[in-house]
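Student: Take a look at this one; I'll ask things after.
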Amino acid sequence: MIEVNTKPNEDKIDELGENHIGTSAKTPLRDDAFDISDEEKMKRIQESVKDILITLGMDLEDDSLRGTPKRVAKAFVKELFMGLNPENQPKPSTFDNNYNYGEMLVEKNIIVYSTCEHHLLPIVGRAHVAYISNGKVIGLSKMNRIVNYFAKRPQVQERLTMQVVQFMQKALGTQDVACVIDAKHLCVNSRGIKDIESSTVTAEFGGKFKEKETKREFLDYIKMDTDFQSL
Ligand SMILES: Nc1nc2c(ncn2[C@@H]2O[C@H](COP(=O)(O)OP(=O)(O)OP(=O)(O)O)[C@@H](O)[C@H]2O)c(=O)[nH]1
Ligand SMILES: [Zn+2]
């Protein structure tokens with residue numbers, strides 16, 4: 001039986017380098033989140049998945065199913081939820097803006113694969129990230145890596161959007177960062193209400209991006225039909 005301390009430890013999360021993230025954007029991790037190794041986590045998850053499949057009546061002697069508990073455990077710890085572990089946090093290499101590029105930079109259509117924390121079903125969509133340099137520039141691929149890191153957690157889309165912006169703000173030393181995510185939640189598309197057409201748009205606008213003109217310019221670059229003027 002795994003002991004569960006349900007009190008999230010903010011100090012621990014601060015220590016993990018997310019102290020710039022406002023309380024509401026913190027992933028609710030427990031005190032003991034990293035007390036055991038990935039190997040130990042995989043072993044425990046493997047047993048739990050086995051239990052679920054057996055409870056469902058599946059024959060785990062079947063050649064195709066035999067390895068499933070282990071595969072799921074590995075997928076959880078090493079892939080789908082690897083972004084819980086601060087060791088996997090991307091290094092956000094920044095450079096001096098020696099060329100004095102003064103306009104906004106938009107990294108658009110970043111593919112998002114995340115997991116809804118309410119049903120553990122996929123969230124699939126695109127993120128668009130923008131910033132205006134305050135003297136530093138960030139490597140383009142780092143924005144994709146930052147989105148991927150925060151996506152690889154049990155998530156709600158609102159928190160994911162805020163975490164991306166707050167991490168970039170810290171890395172770049174400016175508030176002028178924005179992120180829009182448009183994603184489909186399989187918990188809405190494939191079960192429950194089973195609406196395959198709907199998708200969810202979330203946005204976080206920091207600093208100058210709160211201003212109408214700047215926000216409009218960003219949304220024009222990413223060609224969103226949605227009217228964000230009221231946000
Ligand atoms: N705000 C927010 N809600 C989400 C996200 N992902 C899933 N949800 C919603 O979380 C809610 C959970 O509602 P519950 O009533 O507890 O769960 P449920 O009975 O499975 O709900 P239904 O999906 O309506 O069948 C659902 O409305 C989901 O659509 C997200 O990223 N953000
Ligand atoms: Zn869900």
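Ligands are numbered from 1 in the order shown, residues from 1 within each chain, and chains are lettered A, B, ... in the order they appear in the structure tokens.
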Can you write out as JSON lines which residues of chain A fall within 8 Å of ligand 1, alongside each residue's closest atom pair and its distance in Å to one decimal, counting only C-alpha atoms and all ligand atoms and ordering rows by chain and ascending residue number?
Tutor:
{"residue": "A:Cys116", "atom": "CA", "partner": "ligand 1", "partner_atom_place_in_ligand_line": "6 (N)", "distance": 5.1}
{"residue": "A:Glu117", "atom": "CA", "partner": "ligand 1", "partner_atom_place_in_ligand_line": "6 (N)", "distance": 6.8}
{"residue": "A:His118", "atom": "CA", "partner": "ligand 1", "partner_atom_place_in_ligand_line": "10 (O)", "distance": 5.7}
{"residue": "A:His119", "atom": "CA", "partner": "ligand 1", "partner_atom_place_in_ligand_line": "20 (O)", "distance": 6.9}
{"residue": "A:Ile123", "atom": "CA", "partner": "ligand 1", "partner_atom_place_in_ligand_line": "6 (N)", "distance": 7.9}
{"residue": "A:Gln155", "atom": "CA", "partner": "ligand 1", "partner_atom_place_in_ligand_line": "31 (O)", "distance": 6.3}
{"residue": "A:Val156", "atom": "CA", "partner": "ligand 1", "partner_atom_place_in_ligand_line": "31 (O)", "distance": 3.2}
{"residue": "A:Gln157", "atom": "CA", "partner": "ligand 1", "partner_atom_place_in_ligand_line": "31 (O)", "distance": 3.8}
{"residue": "A:Glu158", "atom": "CA", "partner": "ligand 1", "partner_atom_place_in_ligand_line": "32 (N)", "distance": 6.0}
{"residue": "A:Arg159", "atom": "CA", "partner": "ligand 1", "partner_atom_place_in_ligand_line": "31 (O)", "distance": 7.8}
{"residue": "A:His185", "atom": "CA", "partner": "ligand 1", "partner_atom_place_in_ligand_line": "6 (N)", "distance": 6.3}
{"residue": "A:Cys187", "atom": "CA", "partner": "ligand 1", "partner_atom_place_in_ligand_line": "23 (O)", "distance": 6.0}
{"residue": "A:Val188", "atom": "CA", "partner": "ligand 1", "partner_atom_place_in_ligand_line": "29 (O)", "distance": 5.5}
{"residue": "A:Arg191", "atom": "CA", "partner": "ligand 1", "partner_atom_place_in_ligand_line": "23 (O)", "distance": 7.1}
{"residue": "A:Gly192", "atom": "CA", "partner": "ligand 1", "partner_atom_place_in_ligand_line": "25 (O)", "distance": 3.9}
{"residue": "A:Ile193", "atom": "CA", "partner": "ligand 1", "partner_atom_place_in_ligand_line": "25 (O)", "distance": 6.2}
Student: Quick one: residues within 12 Å of Met143 of chain A, only C-alpha atoms counted, chain neighbours fewer than 5 positions away excluded, as a PDB file with C-alpha atoms, in the first residue's frame?
Tutor:
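Saved file out36.pdb follows:
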ATOM      1  CA  PRO A  90      14.591  22.168 -20.293  1.00  0.00           C
ATOM      2  CA  LYS A  91      17.563  24.523 -20.087  1.00  0.00           C
ATOM      3  CA  PRO A  92      16.121  27.724 -21.514  1.00  0.00           C
ATOM      4  CA  SER A  93      19.310  28.976 -23.227  1.00  0.00           C
ATOM      5  CA  THR A  94      19.076  32.701 -23.747  1.00  0.00           C
ATOM      6  CA  LEU A 105       8.626  36.944 -31.870  1.00  0.00           C
ATOM      7  CA  VAL A 106       5.965  34.278 -32.289  1.00  0.00           C
ATOM      8  CA  GLU A 107       6.585  30.549 -32.197  1.00  0.00           C
ATOM      9  CA  LYS A 108       3.323  29.193 -33.521  1.00  0.00           C
ATOM     10  CA  ASN A 109       1.715  25.804 -34.066  1.00  0.00           C
ATOM     11  CA  ILE A 110       3.716  24.024 -31.377  1.00  0.00           C
ATOM     12  CA  ILE A 111       2.157  20.583 -31.096  1.00  0.00           C
ATOM     13  CA  VAL A 112       0.734  19.875 -27.637  1.00  0.00           C
ATOM     14  CA  ALA A 127       0.265  26.185 -28.611  1.00  0.00           C
ATOM     15  CA  HIS A 128       1.322  29.599 -29.864  1.00  0.00           C
ATOM     16  CA  VAL A 129       3.929  31.403 -27.786  1.00  0.00           C
ATOM     17  CA  ALA A 130       5.157  34.977 -28.187  1.00  0.00           C
ATOM     18  CA  TYR A 131       7.455  37.417 -26.450  1.00  0.00           C
ATOM     19  CA  VAL A 137      16.423  36.224 -26.778  1.00  0.00           C
ATOM     20  CA  ILE A 138      15.647  32.556 -26.340  1.00  0.00           C
ATOM     21  CA  ASN A 148       6.395  19.936 -24.035  1.00  0.00           C
ATOM     22  CA  TYR A 149       7.811  19.863 -20.495  1.00  0.00           C
ATOM     23  CA  PHE A 150       4.722  21.368 -18.889  1.00  0.00           C
ATOM     24  CA  VAL A 164       4.436  28.180 -20.067  1.00  0.00           C
ATOM     25  CA  VAL A 165       4.097  31.953 -19.785  1.00  0.00           C
ATOM     26  CA  PHE A 167       8.509  29.992 -17.104  1.00  0.00           C
ATOM     27  CA  MET A 168       9.294  32.109 -20.192  1.00  0.00           C
ATOM     28  CA  GLN A 169       8.896  35.330 -18.210  1.00  0.00           C
ATOM     29  CA  ALA A 171      13.892  32.881 -18.420  1.00  0.00           C
ATOM     30  CA  LEU A 172      13.652  36.096 -20.452  1.00  0.00           C
ATOM     31  CA  VAL A 177       5.136  36.953 -22.900  1.00  0.00           C
ATOM     32  CA  ALA A 178       1.922  35.391 -24.181  1.00  0.00           C
ATOM     33  CA  CYS A 179       0.589  31.934 -24.918  1.00  0.00           C
TER      34      CYS A 179
END
Student: Kindly indicate which residue among A:Val124, A:Thr161, A:Lys170, A:Tyr221 lies nearest to ligand 2, using only C-alpha atoms and all ligand atoms for the distances.
Tutor: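 Between A:Val124, A:Thr161, A:Lys170, A:Tyr221, the residue approaching ligand 2 most closely is A:Val124.
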Student: Please, what distance in Å, to one decimal, runs between atom CA of Ser199 of chain A and atom CA of Ala183 of chain A?
Tutor: 5.4 Å
Student: DSSP on the backbone: which residues in segment 19-170 of chain A end up as strand (DSSP E or B)? Give the answer as number ranges by chain.
Tutor: A: 30, 94-96, 104-116, 122-132, 136-138, 154-155
Student: What does the distance between atom CA of Asp32 of chain A and atom CA of Gln89 of chain A come to in Å, to one decimal place?
Tutor: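 Taking atom CA of Asp32 of chain A as the start and atom CA of Gln89 of chain A as the end point, the length is 18.7 Å.
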Student: I'd like the contact shell of Thr68 of chain A - 12 Å cut-off, only C-alpha atoms, skipping same-chain residues fewer than 3 positions apart - returned as a PyMOL selection string.
Tutor: chain A and resi 45-54+58-65+71-75
Student: What does the distance between atom CA of Tyr99 of chain A and atom CA of Glu204 of chain A come to in Å, to one decimal place?
Tutor: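 Computing the Euclidean distance for atom CA of Tyr99 of chain A and atom CA of Glu204 of chain A yields 27.7 Å.
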Student: Select from segment 33-147 of chain A everything DSSP, run on the backbone, classes as helix (DSSP H, G or I), then give the selection as number ranges by chain.
Tutor: A: 38-55, 68-80, 82-84, 86-88, 140-147
Student: Looking at only C-alpha atoms and all ligand atoms, which of A:Gly139, A:Thr115, A:Lys70, A:Glu197 is the one that sits closest to ligand 2?
Tutor: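 Of A:Gly139, A:Thr115, A:Lys70, A:Glu197, the one nearest ligand 2, counting only C-alpha atoms and all ligand atoms, is A:Thr115.
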Student: Could you tell me which of A:Pro154, A:Gly67, A:Gly102, A:Gly135 comes closest to ligand 2 if we count only C-alpha atoms and all ligand atoms?
Tutor: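 Under the stated criterion, the closest residue is A:Pro154.
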